[in-house]
file input.txt (compact mmCIF, C-alpha atoms)
# COMPACT_ATOMS: atom_id res chain seq x y z
CA MET A 1 134.56 -27.24 29.91
CA GLU A 2 132.96 -30.58 29.28
CA LYS A 3 131.44 -30.64 32.76
CA VAL A 4 129.84 -27.22 32.29
CA PHE A 5 128.24 -28.23 28.94
CA MET A 6 126.85 -31.43 30.35
CA ARG A 7 125.20 -29.48 33.20
CA ARG A 8 123.48 -26.95 30.88
CA GLN A 9 122.05 -29.58 28.49
CA PRO A 10 119.53 -31.09 31.01
CA ILE A 11 118.31 -27.57 31.88
CA ALA A 12 117.50 -26.77 28.19
CA LEU A 13 115.60 -30.01 27.77
CA SER A 14 113.54 -29.26 30.86
CA LEU A 15 112.56 -25.85 29.49
CA ILE A 16 111.47 -27.37 26.15
CA VAL A 17 109.27 -29.93 27.91
CA LEU A 18 107.62 -27.26 30.04
CA MET A 19 106.83 -25.16 27.00
CA LEU A 20 105.23 -28.14 25.18
CA VAL A 21 103.06 -28.96 28.20
CA ALA A 22 101.89 -25.35 28.54
CA GLY A 23 100.95 -25.16 24.82
CA GLY A 24 99.00 -28.41 25.00
CA GLY A 25 97.06 -27.22 28.02
CA TRP A 26 96.09 -23.98 26.36
CA ARG A 27 94.90 -25.79 23.23
CA TRP A 28 92.85 -28.25 25.30
CA LYS A 29 91.08 -25.38 27.08
CA ALA A 30 90.26 -23.68 23.74
CA ARG A 31 88.72 -26.85 22.35
CA SER A 32 86.69 -27.38 25.53
CA ALA A 33 85.26 -23.84 25.28
CA GLU A 34 84.28 -24.42 21.64
CA ALA A 35 82.54 -27.68 22.56
CA ARG A 36 80.61 -26.00 25.40
CA SER A 37 79.50 -23.19 23.07
CA ALA A 38 78.22 -25.66 20.44
CA THR A 39 76.32 -27.60 23.11
CA SER A 40 74.68 -24.43 24.42
CA ALA A 41 73.64 -23.41 20.90
CA ALA A 42 72.08 -26.82 20.28
CA GLU A 43 70.18 -26.67 23.56
CA GLY A 44 68.94 -23.17 22.73
CA ALA A 45 67.68 -24.35 19.36
CA THR A 46 65.86 -27.24 21.00
CA VAL A 47 64.21 -24.93 23.52
CA SER A 48 63.17 -22.54 20.75
CA ALA A 49 61.67 -25.40 18.77
CA ARG A 50 59.75 -26.60 21.81
CA ALA A 51 58.51 -23.10 22.50
CA ALA A 52 57.37 -22.76 18.90
CA SER A 53 55.24 -25.90 19.06
CA GLY A 54 54.11 -25.36 22.67
CA ALA A 55 55.34 -27.19 25.71
CA GLY A 56 54.17 -30.77 25.52
CA GLY A 57 52.33 -30.08 22.11
CA THR A 58 49.48 -28.00 23.66
CA GLN A 59 47.85 -24.92 22.08
CA LEU A 60 45.80 -22.02 23.41
CA VAL A 61 42.27 -21.85 21.93
CA GLY A 62 39.12 -19.78 22.38
CA VAL A 63 35.99 -21.43 23.76
CA VAL A 64 32.32 -20.51 23.95
CA THR A 65 29.52 -21.95 26.05
CA ALA A 66 26.72 -23.79 24.23
CA GLN A 67 23.41 -22.14 25.08
CA ARG A 68 19.89 -23.52 25.30
CA ARG A 69 17.16 -21.17 24.12
CA ASP A 70 14.09 -20.81 21.92
CA VAL A 71 14.96 -20.08 18.28
CA PRO A 72 12.42 -18.73 15.75
CA VAL A 73 12.66 -20.24 12.27
CA THR A 74 12.54 -17.34 9.81
CA VAL A 75 12.94 -16.59 6.12
CA GLU A 76 14.13 -13.28 4.69
CA ALA A 77 13.70 -11.67 1.30
CA SER A 78 13.83 -8.33 -0.46
CA GLY A 79 10.49 -6.58 -0.86
CA THR A 80 8.85 -3.51 -2.32
CA VAL A 81 6.15 -1.42 -0.69
CA THR A 82 3.01 -1.40 -2.84
CA PRO A 83 -0.26 0.42 -2.11
CA ILE A 84 -3.35 -1.70 -1.64
CA ASN A 85 -5.35 0.86 -3.65
CA GLN A 86 -4.13 3.38 -6.19
CA VAL A 87 -5.85 5.22 -9.01
CA ASP A 88 -5.11 7.70 -11.78
CA ILE A 89 -7.83 10.36 -11.73
CA ARG A 90 -8.93 11.20 -15.32
CA ALA A 91 -11.68 13.30 -16.82
CA GLN A 92 -14.80 11.52 -18.14
CA THR A 93 -16.02 14.49 -20.13
CA THR A 94 -14.58 17.11 -22.44
CA SER A 95 -14.59 20.44 -20.70
CA THR A 96 -12.41 23.07 -19.07
CA VAL A 97 -11.22 23.06 -15.48
CA ARG A 98 -13.08 25.55 -13.30
CA ASP A 99 -11.70 24.79 -9.82
CA VAL A 100 -8.71 22.77 -8.56
CA LEU A 101 -9.51 21.73 -4.99
CA VAL A 102 -6.45 19.56 -4.26
CA ARG A 103 -2.78 20.40 -3.73
CA ASP A 104 0.35 18.45 -4.58
CA GLY A 105 0.98 15.75 -1.97
CA GLN A 106 -2.15 16.52 0.00
CA THR A 107 -3.68 13.89 2.30
CA ILE A 108 -7.28 13.42 1.24
CA THR A 109 -10.33 11.55 2.50
CA LYS A 110 -12.85 9.41 0.69
CA GLY A 111 -15.45 11.50 -1.19
CA GLN A 112 -13.47 14.74 -0.96
CA PRO A 113 -13.97 17.03 -4.02
CA LEU A 114 -10.83 17.29 -6.16
CA PHE A 115 -11.79 19.14 -9.37
CA ARG A 116 -14.78 21.01 -10.79
CA PHE A 117 -15.26 21.55 -14.54
CA ASP A 118 -17.38 23.98 -16.55
CA GLU A 119 -20.84 22.39 -16.28
CA ARG A 120 -23.07 24.89 -18.08
CA ALA A 121 -23.67 22.77 -21.18
CA ASP A 122 -24.40 19.61 -19.19
CA ARG A 123 -26.74 21.47 -16.85
CA ALA A 124 -28.66 22.83 -19.83
CA ASN A 125 -28.99 19.29 -21.19
CA LEU A 126 -30.30 18.17 -17.82
CA ASP A 127 -32.94 20.91 -17.78
CA LYS A 128 -33.94 19.98 -21.32
CA ALA A 129 -34.34 16.32 -20.33
CA ARG A 130 -36.50 17.30 -17.37
CA ALA A 131 -38.75 19.43 -19.59
CA GLN A 132 -39.11 16.61 -22.12
CA LEU A 133 -40.07 14.20 -19.37
CA ALA A 134 -42.70 16.62 -17.99
CA ARG A 135 -44.24 17.08 -21.46
CA ASP A 136 -44.43 13.36 -22.15
CA LYS A 137 -45.90 12.69 -18.73
CA ALA A 138 -48.69 15.15 -19.53
CA SER A 139 -49.32 13.36 -22.84
CA LEU A 140 -49.35 10.03 -21.01
CA ALA A 141 -51.99 11.33 -18.62
CA ASP A 142 -54.18 12.38 -21.58
CA LEU A 143 -53.76 8.95 -23.18
CA GLN A 144 -54.76 7.33 -19.90
CA ARG A 145 -57.99 9.39 -19.86
CA GLN A 146 -58.75 8.48 -23.50
CA TYR A 147 -58.37 4.81 -22.71
CA GLU A 148 -60.68 5.04 -19.71
CA ARG A 149 -63.27 6.91 -21.82
CA ALA A 150 -63.05 4.28 -24.56
CA LYS A 151 -63.74 1.52 -22.08
CA ASP A 152 -66.83 3.38 -20.78
CA LEU A 153 -68.15 3.88 -24.31
CA LEU A 154 -67.57 0.23 -25.09
CA ALA A 155 -69.62 -0.74 -22.07
CA GLN A 156 -72.48 1.49 -23.35
CA LYS A 157 -72.21 -0.01 -26.87
CA PHE A 158 -71.23 3.35 -28.42
CA VAL A 159 -67.83 2.25 -29.80
CA ALA A 160 -66.38 -0.96 -31.09
CA GLN A 161 -63.69 -3.02 -29.41
CA SER A 162 -61.11 -1.78 -31.93
CA ALA A 163 -61.44 1.75 -30.58
CA VAL A 164 -60.55 0.53 -27.09
CA ASP A 165 -57.60 -1.46 -28.47
CA THR A 166 -56.29 1.63 -30.27
CA ALA A 167 -56.54 3.72 -27.09
CA LEU A 168 -54.66 1.04 -25.15
CA ALA A 169 -51.91 0.91 -27.77
CA ASN A 170 -51.50 4.69 -27.61
CA LEU A 171 -51.32 4.49 -23.82
CA GLU A 172 -48.59 1.84 -23.90
CA ALA A 173 -46.61 3.91 -26.43
CA GLY A 174 -46.91 6.94 -24.19
CA ARG A 175 -45.60 4.96 -21.25
CA SER A 176 -42.58 3.88 -23.30
CA VAL A 177 -41.89 7.48 -24.24
CA VAL A 178 -41.95 8.48 -20.57
CA ASP A 179 -39.61 5.63 -19.70
CA GLY A 180 -37.22 6.85 -22.42
CA ASP A 181 -37.40 10.39 -21.08
CA THR A 182 -36.64 9.11 -17.58
CA ALA A 183 -33.56 7.31 -18.88
CA ALA A 184 -32.46 10.42 -20.77
CA LEU A 185 -32.85 12.44 -17.57
CA GLN A 186 -30.67 9.96 -15.69
CA SER A 187 -28.06 10.10 -18.46
CA ALA A 188 -28.01 13.89 -18.29
CA THR A 189 -27.66 13.68 -14.51
CA VAL A 190 -24.68 11.33 -14.84
CA ALA A 191 -23.06 13.57 -17.45
CA LEU A 192 -23.48 16.54 -15.13
CA SER A 193 -21.90 14.59 -12.25
CA TYR A 194 -18.74 14.14 -14.34
CA ASN A 195 -18.07 17.82 -13.87
CA GLU A 196 -17.15 17.27 -10.23
CA VAL A 197 -14.42 14.73 -9.46
CA ARG A 198 -14.30 13.22 -5.94
CA ALA A 199 -11.74 10.95 -4.29
CA PRO A 200 -12.80 7.28 -4.52
CA PHE A 201 -10.87 6.45 -1.33
CA GLY A 202 -8.67 8.11 1.25
CA GLY A 203 -4.97 8.41 0.58
CA ARG A 204 -2.26 10.78 -0.56
CA ALA A 205 -2.33 12.80 -3.75
CA GLY A 206 0.60 13.00 -6.11
CA ALA A 207 1.47 15.89 -8.41
CA VAL A 208 -1.51 17.85 -9.79
CA ASN A 209 -1.19 18.13 -13.57
CA VAL A 210 -3.96 20.65 -14.44
CA TRP A 211 -4.84 24.20 -13.48
CA PRO A 212 -7.99 26.34 -13.73
CA GLY A 213 -8.73 26.91 -17.40
CA SER A 214 -6.99 23.75 -18.62
CA LEU A 215 -8.80 21.72 -21.27
CA VAL A 216 -9.57 18.13 -20.26
CA GLN A 217 -10.85 15.28 -22.39
CA ALA A 218 -12.26 11.84 -21.73
CA SER A 219 -9.33 9.52 -22.45
CA ALA A 220 -7.84 6.37 -20.95
CA THR A 221 -4.32 7.40 -21.93
CA GLY A 222 -2.21 10.47 -21.40
CA THR A 223 -1.33 12.30 -18.25
CA PRO A 224 -3.87 11.90 -15.43
CA LEU A 225 -5.25 14.85 -13.50
CA VAL A 226 -3.68 13.46 -10.31
CA ASN A 227 -2.67 10.12 -8.86
CA ILE A 228 -3.93 8.89 -5.48
CA VAL A 229 -2.39 6.06 -3.45
CA GLN A 230 -3.64 4.57 -0.22
CA ILE A 231 -1.04 4.88 2.54
CA ASP A 232 -2.77 3.19 5.48
CA PRO A 233 -3.02 0.22 5.43
CA ILE A 234 -0.31 -0.64 2.93
CA ALA A 235 1.23 -3.82 1.50
CA VAL A 236 4.73 -5.18 0.87
CA SER A 237 5.29 -7.56 -2.06
CA PHE A 238 8.21 -9.99 -2.03
CA ASN A 239 9.35 -13.22 -3.66
CA LEU A 240 10.59 -16.43 -2.05
CA PRO A 241 12.36 -19.40 -3.67
CA GLU A 242 10.04 -22.25 -4.47
CA THR A 243 11.94 -24.39 -1.93
CA GLU A 244 10.44 -22.18 0.80
CA LEU A 245 6.86 -22.69 -0.41
CA ALA A 246 6.24 -25.93 1.49
CA PRO A 247 7.43 -24.53 4.87
CA VAL A 248 5.28 -21.44 4.36
CA LEU A 249 2.17 -23.48 3.53
CA ASP A 250 2.81 -25.79 6.49
CA ALA A 251 3.10 -22.79 8.81
CA MET A 252 -0.19 -21.39 7.48
CA ARG A 253 -2.15 -24.59 8.20
CA PRO A 254 -4.00 -24.46 11.52
CA VAL A 255 -3.05 -26.91 14.23
CA GLU A 256 -5.79 -29.38 15.00
CA GLY A 257 -8.33 -27.81 17.31
CA THR A 258 -7.08 -24.26 16.74
CA LYS A 259 -7.89 -21.47 14.35
CA ALA A 260 -5.53 -20.47 11.55
CA VAL A 261 -3.49 -17.37 12.38
CA PRO A 262 -1.79 -15.34 9.60
CA LEU A 263 1.99 -15.45 9.70
CA GLU A 264 3.76 -12.42 11.13
CA VAL A 265 5.95 -10.47 8.72
CA GLN A 266 8.50 -7.85 9.80
CA ALA A 267 9.65 -5.01 7.55
CA MET A 268 13.24 -3.82 7.96
CA LEU A 269 15.17 -1.05 6.25
CA PRO A 270 18.35 -2.29 4.52
CA THR A 271 21.56 -1.06 6.15
CA ILE A 272 24.84 -0.12 4.51
CA GLU A 273 27.52 -2.64 5.46
CA GLY A 274 29.92 -1.06 7.89
CA GLY A 275 27.71 1.98 8.38
CA PRO A 276 26.27 3.26 11.65
CA ALA A 277 23.35 1.34 13.14
CA ARG A 278 19.97 3.01 13.25
CA LYS A 279 19.00 4.21 16.71
CA ASP A 280 15.64 4.51 18.36
CA SER A 281 15.03 8.14 19.35
CA ARG A 282 13.38 7.09 22.61
CA GLY A 283 15.93 4.69 24.07
CA GLY A 284 18.98 4.91 21.87
CA GLN A 285 18.71 1.19 21.08
CA PRO A 286 19.41 -0.22 17.62
CA VAL A 287 16.24 -0.47 15.54
CA ASP A 288 15.43 -3.74 13.73
CA ALA A 289 11.87 -4.04 12.43
CA ILE A 290 10.19 -0.73 11.54
CA ALA A 291 6.76 -2.33 11.04
CA ARG A 292 5.00 -5.61 11.75
CA GLY A 293 2.23 -7.01 9.63
CA ARG A 294 0.53 -10.22 8.51
CA LEU A 295 0.88 -12.38 5.43
CA SER A 296 -2.21 -11.75 3.28
CA PHE A 297 -1.50 -13.36 -0.09
CA VAL A 298 0.36 -16.32 -1.61
CA ASP A 299 0.28 -16.53 -5.39
CA ASN A 300 -1.45 -19.53 -6.98
CA LEU A 301 1.52 -20.46 -9.15
CA VAL A 302 5.31 -20.50 -9.15
CA ASP A 303 7.11 -18.37 -11.72
CA ALA A 304 8.73 -21.00 -13.94
CA THR A 305 11.34 -18.56 -15.30
CA THR A 306 12.74 -17.53 -11.90
CA GLY A 307 11.70 -20.41 -9.65
CA THR A 308 10.12 -18.03 -7.15
CA ILE A 309 6.65 -17.43 -5.79
CA LYS A 310 5.07 -14.06 -5.06
CA LEU A 311 3.75 -13.19 -1.60
CA LYS A 312 2.24 -10.09 -0.09
CA ALA A 313 1.92 -8.85 3.49
CA GLU A 314 -0.36 -6.13 4.84
CA PHE A 315 0.78 -3.53 7.40
CA GLU A 316 -0.88 -0.85 9.45
CA ASN A 317 0.87 2.36 8.43
CA GLY A 318 -0.59 5.15 10.52
CA ALA A 319 2.90 6.49 11.26
CA GLN A 320 3.71 6.36 7.51
CA LYS A 321 7.02 4.56 8.01
CA LEU A 322 6.37 2.62 4.81
CA TRP A 323 6.15 4.49 1.50
CA PRO A 324 4.93 3.20 -1.89
CA GLY A 325 7.80 2.01 -4.05
CA GLN A 326 10.21 1.79 -1.11
CA TYR A 327 12.78 -1.05 -1.12
CA LEU A 328 13.26 -2.97 2.12
CA ARG A 329 13.89 -6.37 3.66
CA VAL A 330 11.16 -8.57 5.09
CA ARG A 331 11.49 -11.33 7.67
CA MET A 332 8.76 -13.90 8.19
CA THR A 333 8.60 -16.19 11.21
CA LEU A 334 7.42 -19.67 10.23
CA ARG A 335 7.65 -21.48 13.57
CA SER A 336 9.67 -21.68 16.79
CA MET A 337 12.21 -24.28 17.96
CA PRO A 338 11.88 -24.37 21.77
CA GLY A 339 14.78 -25.30 24.06
CA VAL A 340 17.42 -26.08 21.42
CA VAL A 341 21.22 -25.92 21.80
CA VAL A 342 22.86 -23.03 19.95
CA ILE A 343 26.58 -22.64 19.12
CA PRO A 344 28.52 -20.39 16.71
CA GLN A 345 28.84 -21.69 13.18
CA ALA A 346 32.59 -21.00 13.41
CA ALA A 347 32.91 -23.89 15.88
CA ILE A 348 31.61 -26.48 13.42
CA ILE A 349 34.20 -28.49 11.46
CA LEU A 350 33.06 -29.60 8.00
CA ARG A 351 34.45 -32.92 6.81
CA GLY A 352 32.51 -34.05 3.77
CA SER A 353 28.95 -34.68 4.93
CA ASP A 354 30.00 -34.95 8.58
CA ARG A 355 29.76 -32.11 11.10
CA GLN A 356 31.98 -32.15 14.18
CA VAL A 357 32.98 -29.87 17.05
CA TYR A 358 35.71 -29.90 19.70
CA VAL A 359 34.31 -29.97 23.23
CA VAL A 360 36.51 -29.19 26.25
CA GLY A 361 36.44 -31.99 28.84
CA PRO A 362 36.89 -31.77 32.62
CA ASP A 363 40.64 -32.38 32.22
CA LYS A 364 40.93 -29.30 29.94
CA THR A 365 41.49 -31.43 26.84
CA ALA A 366 39.50 -31.10 23.61
CA GLN A 367 37.45 -34.04 22.41
CA LEU A 368 36.03 -34.32 18.90
CA LYS A 369 32.27 -34.95 18.86
CA PRO A 370 29.93 -35.46 15.89
CA VAL A 371 26.90 -33.14 15.73
CA THR A 372 23.78 -32.81 13.60
CA LEU A 373 23.16 -29.39 12.08
CA ARG A 374 19.43 -28.55 12.31
CA TYR A 375 19.18 -24.86 11.47
CA THR A 376 21.42 -21.83 10.89
CA PHE A 377 20.62 -18.17 11.51
CA GLY A 378 23.13 -15.35 11.23
CA GLU A 379 26.43 -16.53 12.74
CA MET A 380 24.77 -19.11 14.99
CA ALA A 381 23.58 -22.69 14.43
CA VAL A 382 21.18 -25.10 16.13
CA VAL A 383 22.82 -28.51 16.64
CA ASP A 384 22.16 -31.89 18.24
CA GLY A 385 24.95 -33.83 19.94
CA VAL A 386 26.21 -31.14 22.32
CA ASP A 387 24.79 -30.50 25.79
CA ALA A 388 23.87 -27.02 26.96
CA GLY A 389 26.67 -25.48 29.02
CA ALA A 390 29.45 -27.40 27.27
CA LEU A 391 32.59 -25.47 26.31
CA VAL A 392 32.96 -25.59 22.54
CA VAL A 393 36.26 -24.73 20.85
CA LEU A 394 36.11 -21.96 18.25

call {"tool": "encode", "arguments": {"input": "input.txt", "output": "structure tokens"}}
result
Amino acid sequence: MEKVFMRRQPIALSLIVLMLVAGGGWRWKARSAEARSATSAAEGATVSARAASGAGGTQLVGVVTAQRRDVPVTVEASGTVTPINQVDIRAQTTSTVRDVLVRDGQTITKGQPLFRFDERADRANLDKARAQLARDKASLADLQRQYERAKDLLAQKFVAQSAVDTALANLEAGRSVVDGDTAALQSATVALSYNEVRAPFGGRAGAVNVWPGSLVQASATGTPLVNIVQIDPIAVSFNLPETELAPVLDAMRPVEGTKAVPLEVQAMLPTIEGGPARKDSRGGQPVDAIARGRLSFVDNLVDATTGTIKLKAEFENGAQKLWPGQYLRVRMTLRSMPGVVVIPQAAIILRGSDRQVYVVGPDKTAQLKPVTLRYTFGEMAVVDGVDAGALVVL
């Protein structure tokens, strides 16, 4: 029995050792798997971080080519269309309207009859003045004969010198009476002419405010018979800040050896932001300026309350694209900048008073360069410090 027990004891110990070795191996494999998983997660995080910042710290950017071109220097302002000539037609006599010869909104010419009034009383006064003048002329002729007769009698010693002087005085008085009658006749003629109203200039009539049979009176106030405005040519009035006065005056001065040329002014209709662009009916192209004219007036003083100065431009308006009272935008070209470098304003970096841009080099890297801003227009800018054809980072 003792021999059998001693033989089984080494076998049990061997089994226990094998079980411990197997458990340790399994645990070592589990810990190795956990370590590999943690390492993979860390590497993934590193790759994600690198991808987020860009491989090697680089970034994708948009670029635009700097262009060389001629740039006009312009100023813009809001303006109002104003007629060069306009008049309120009013009666200059008290009478009744006989004929209305104009319609609402009618285009009229200079000298065209507009209204006729009842002229019977004024015509009778004219005839009366003519008759008075004829009578006094006959009396003047008789006084002239008496004076001539008195001079003959004086030469024959039949009358004294006083008789001749009296005849001469009567003759001079008669001449004065005739002159007065002539003036009265002219006054009656003028009064009669007030019964027919004619257009002082060509233009467009407004609303007619009287009808046949209406009573009219000579008055500077009240409703006019009709209003007339000149359509062609026409003017546009606008204001500019006083800071723009010096450039405008410099542009108006003639260059030595040349003749002064009025500045060109363009009239443009204001557009609604985000709305459809206006199209030209002939080519389907967007329309910018609807009329082009010339600067005709610069006020002689600056408005101290607003700090602006008034200007006016004159336009040919045969097509009647401009209408009195219409609101629009005006653009005036002061000068031209030939062969300058133009880039988008979005490419310019503002750092205090410095202006800089990133320029792409031959090795596809961006280099920061200082620039001088000379002029801005729309979304573009004229700069010095960048060569034409350079790739500028937006």

call {"tool": "residues_near_point", "arguments": {"input": "input.txt", "point": "(-8.2, 1.9, -5.7)", "cutoff": "8 Å", "atoms": "all atoms listed in the file", "output": "PyMOL selection string"}}
result
chain A and resi 84-87+200-201+229-230

call {"tool": "residues_near_point", "arguments": {"input": "input.txt", "point": "(27.1, -31.1, 22.4)", "cutoff": "9 Å", "atoms": "all atoms listed in the file", "output": "VMD selection string"}}
result
chain A and resid 66 341 357 359 369 to 371 383 to 392

call {"tool": "write_last_selection", "arguments": {"input": "input.txt", "atoms": "C-alpha atoms", "output": "PDB file, in the frame of the given file"}}
result
ATOM      1  CA  ALA A  66      26.720 -23.790  24.230  1.00  0.00           C
ATOM      2  CA  VAL A 341      21.220 -25.920  21.800  1.00  0.00           C
ATOM      3  CA  VAL A 357      32.980 -29.870  17.050  1.00  0.00           C
ATOM      4  CA  VAL A 359      34.310 -29.970  23.230  1.00  0.00           C
ATOM      5  CA  LYS A 369      32.270 -34.950  18.860  1.00  0.00           C
ATOM      6  CA  PRO A 370      29.930 -35.460  15.890  1.00  0.00           C
ATOM      7  CA  VAL A 371      26.900 -33.140  15.730  1.00  0.00           C
ATOM      8  CA  VAL A 383      22.820 -28.510  16.640  1.00  0.00           C
ATOM      9  CA  ASP A 384      22.160 -31.890  18.240  1.00  0.00           C
ATOM     10  CA  GLY A 385      24.950 -33.830  19.940  1.00  0.00           C
ATOM     11  CA  VAL A 386      26.210 -31.140  22.320  1.00  0.00           C
ATOM     12  CA  ASP A 387      24.790 -30.500  25.790  1.00  0.00           C
ATOM     13  CA  ALA A 388      23.870 -27.020  26.960  1.00  0.00           C
ATOM     14  CA  GLY A 389      26.670 -25.480  29.020  1.00  0.00           C
ATOM     15  CA  ALA A 390      29.450 -27.400  27.270  1.00  0.00           C
ATOM     16  CA  LEU A 391      32.590 -25.470  26.310  1.00  0.00           C
ATOM     17  CA  VAL A 392      32.960 -25.590  22.540  1.00  0.00           C
TER      18      VAL A 392
END

call {"tool": "atom_distance", "arguments": {"input": "input.txt", "atom1": "CA of Gly202 (chain A)", "atom2": "CA of Ala267 (chain A)"}}
result
23.4 Å

call {"tool": "closest_residue", "arguments": {"input": "input.txt", "among": "A:Leu140, A:Leu215, A:Leu126, A:Leu263", "to": "Ala173 (chain A)", "atoms": "all atoms listed in the file"}}
result
A:Leu140

call {"tool": "residues_around", "arguments": {"input": "input.txt", "residues": "region 151-153 of chain A", "least_positions_apart": "4", "cutoff": "12 Å", "atoms": "all atoms listed in the file", "output": "list in words"}}
result
Gln144, Arg145, Gln146, Tyr147, Lys157, Phe158, Val159, Ala160, Gln161, Ser162, Ala163, Val164, Asp165, Thr166, Ala167 and Leu168 of chain A

call {"tool": "residues_around", "arguments": {"input": "input.txt", "residues": "Leu311 (chain A)", "least_positions_apart": "2", "cutoff": "6 Å", "atoms": "all atoms listed in the file", "output": "PyMOL selection string"}}
result
chain A and resi 237-239+297-298

call {"tool": "atom_distance", "arguments": {"input": "input.txt", "atom1": "CA of Pro113 (chain A)", "atom2": "CA of Asn317 (chain A)"}}
result
24.3 Å

call {"tool": "atom_distance", "arguments": {"input": "input.txt", "atom1": "CA of Ala183 (chain A)", "atom2": "CA of Glu119 (chain A)"}}
result
19.9 Å

call {"tool": "closest_residue", "arguments": {"input": "input.txt", "among": "A:Met380, A:Ala77, A:Leu143, A:Val340", "to": "Leu171 (chain A)", "atoms": "only C-alpha atoms"}}
result
A:Leu143

call {"tool": "closest_residue", "arguments": {"input": "input.txt", "among": "A:Ile231, A:Ala188, A:Ala319, A:Val255", "to": "Ala124 (chain A)", "atoms": "only C-alpha atoms"}}
result
A:Ala188

call {"tool": "residues_around", "arguments": {"input": "input.txt", "residues": "Asn209 (chain A)", "least_positions_apart": "2", "cutoff": "9 Å", "atoms": "all atoms listed in the file", "output": "list in words"}}
result
Ala207, Trp211, Thr223, Pro224, Leu225 and Val226 of chain A

call {"tool": "closest_residue", "arguments": {"input": "input.txt", "among": "A:Arg292, A:Arg135, A:Arg123, A:Arg198", "to": "Leu322 (chain A)", "atoms": "only C-alpha atoms"}}
result
A:Arg292

call {"tool": "residues_around", "arguments": {"input": "input.txt", "residues": "Thr376 (chain A)", "least_positions_apart": "4", "cutoff": "12 Å", "atoms": "only C-alpha atoms", "output": "list in words"}}
result
Val71, Pro72, Val73, Thr74, Val75, Met337, Val341, Val342, Ile343, Pro344, Gln345, Ala346, Ile348, Thr372, Met380, Ala381, Val382 and Val383 of chain A

call {"tool": "closest_residue", "arguments": {"input": "input.txt", "among": "A:Ala366, A:Ala169, A:Ile234, A:Val330", "to": "Thr82 (chain A)", "atoms": "all atoms listed in the file"}}
result
A:Ile234

call {"tool": "closest_residue", "arguments": {"input": "input.txt", "among": "A:Leu295, A:Val97, A:Val177, A:Thr109", "to": "Gln132 (chain A)", "atoms": "only C-alpha atoms"}}
result
A:Val177

call {"tool": "decode", "arguments": {"input": "input.txt", "residues": "region 344-354 of chain A", "atoms": "N, CA, C and O atoms", "output": "CSV table (one decimal), in the first residue's frame"}}
result
chain,number,residue,atom,x,y,z
A,344,PRO,N,-7.9,91.4,-55.7
A,344,PRO,CA,-9.2,91.5,-54.9
A,344,PRO,C,-8.8,92.1,-53.5
A,344,PRO,O,-7.8,91.8,-52.9
A,345,GLN,N,-9.7,92.9,-53.0
A,345,GLN,CA,-9.5,93.4,-51.7
A,345,GLN,C,-9.5,92.3,-50.6
A,345,GLN,O,-8.9,92.5,-49.6
A,346,ALA,N,-10.1,91.2,-50.9
A,346,ALA,CA,-10.2,90.1,-49.9
A,346,ALA,C,-8.8,89.5,-49.7
A,346,ALA,O,-8.6,88.8,-48.7
A,347,ALA,N,-7.8,89.7,-50.6
A,347,ALA,CA,-6.5,89.2,-50.4
A,347,ALA,C,-5.6,90.1,-49.5
A,347,ALA,O,-4.5,89.6,-49.1
A,348,ILE,N,-6.0,91.2,-49.2
A,348,ILE,CA,-5.2,92.2,-48.4
A,348,ILE,C,-5.4,91.9,-47.0
A,348,ILE,O,-6.6,91.9,-46.5
A,349,ILE,N,-4.3,91.8,-46.2
A,349,ILE,CA,-4.3,91.6,-44.8
A,349,ILE,C,-4.1,92.9,-44.1
A,349,ILE,O,-3.1,93.6,-44.4
A,350,LEU,N,-5.0,93.4,-43.2
A,350,LEU,CA,-4.8,94.6,-42.5
A,350,LEU,C,-4.2,94.4,-41.2
A,350,LEU,O,-4.8,93.6,-40.3
A,351,ARG,N,-3.1,95.0,-40.9
A,351,ARG,CA,-2.4,94.9,-39.6
A,351,ARG,C,-2.0,96.3,-39.2
A,351,ARG,O,-0.9,96.8,-39.6
A,352,GLY,N,-2.9,97.0,-38.5
A,352,GLY,CA,-2.7,98.4,-38.1
A,352,GLY,C,-2.7,99.3,-39.4
A,352,GLY,O,-3.6,99.2,-40.2
A,353,SER,N,-1.6,100.0,-39.6
A,353,SER,CA,-1.5,100.8,-40.8
A,353,SER,C,-0.8,100.1,-42.0
A,353,SER,O,-0.7,100.7,-43.0
A,354,ASP,N,-0.4,98.9,-41.7
A,354,ASP,CA,0.3,98.1,-42.7
A,354,ASP,C,-0.7,97.3,-43.6
A,354,ASP,O,-1.7,96.8,-43.1
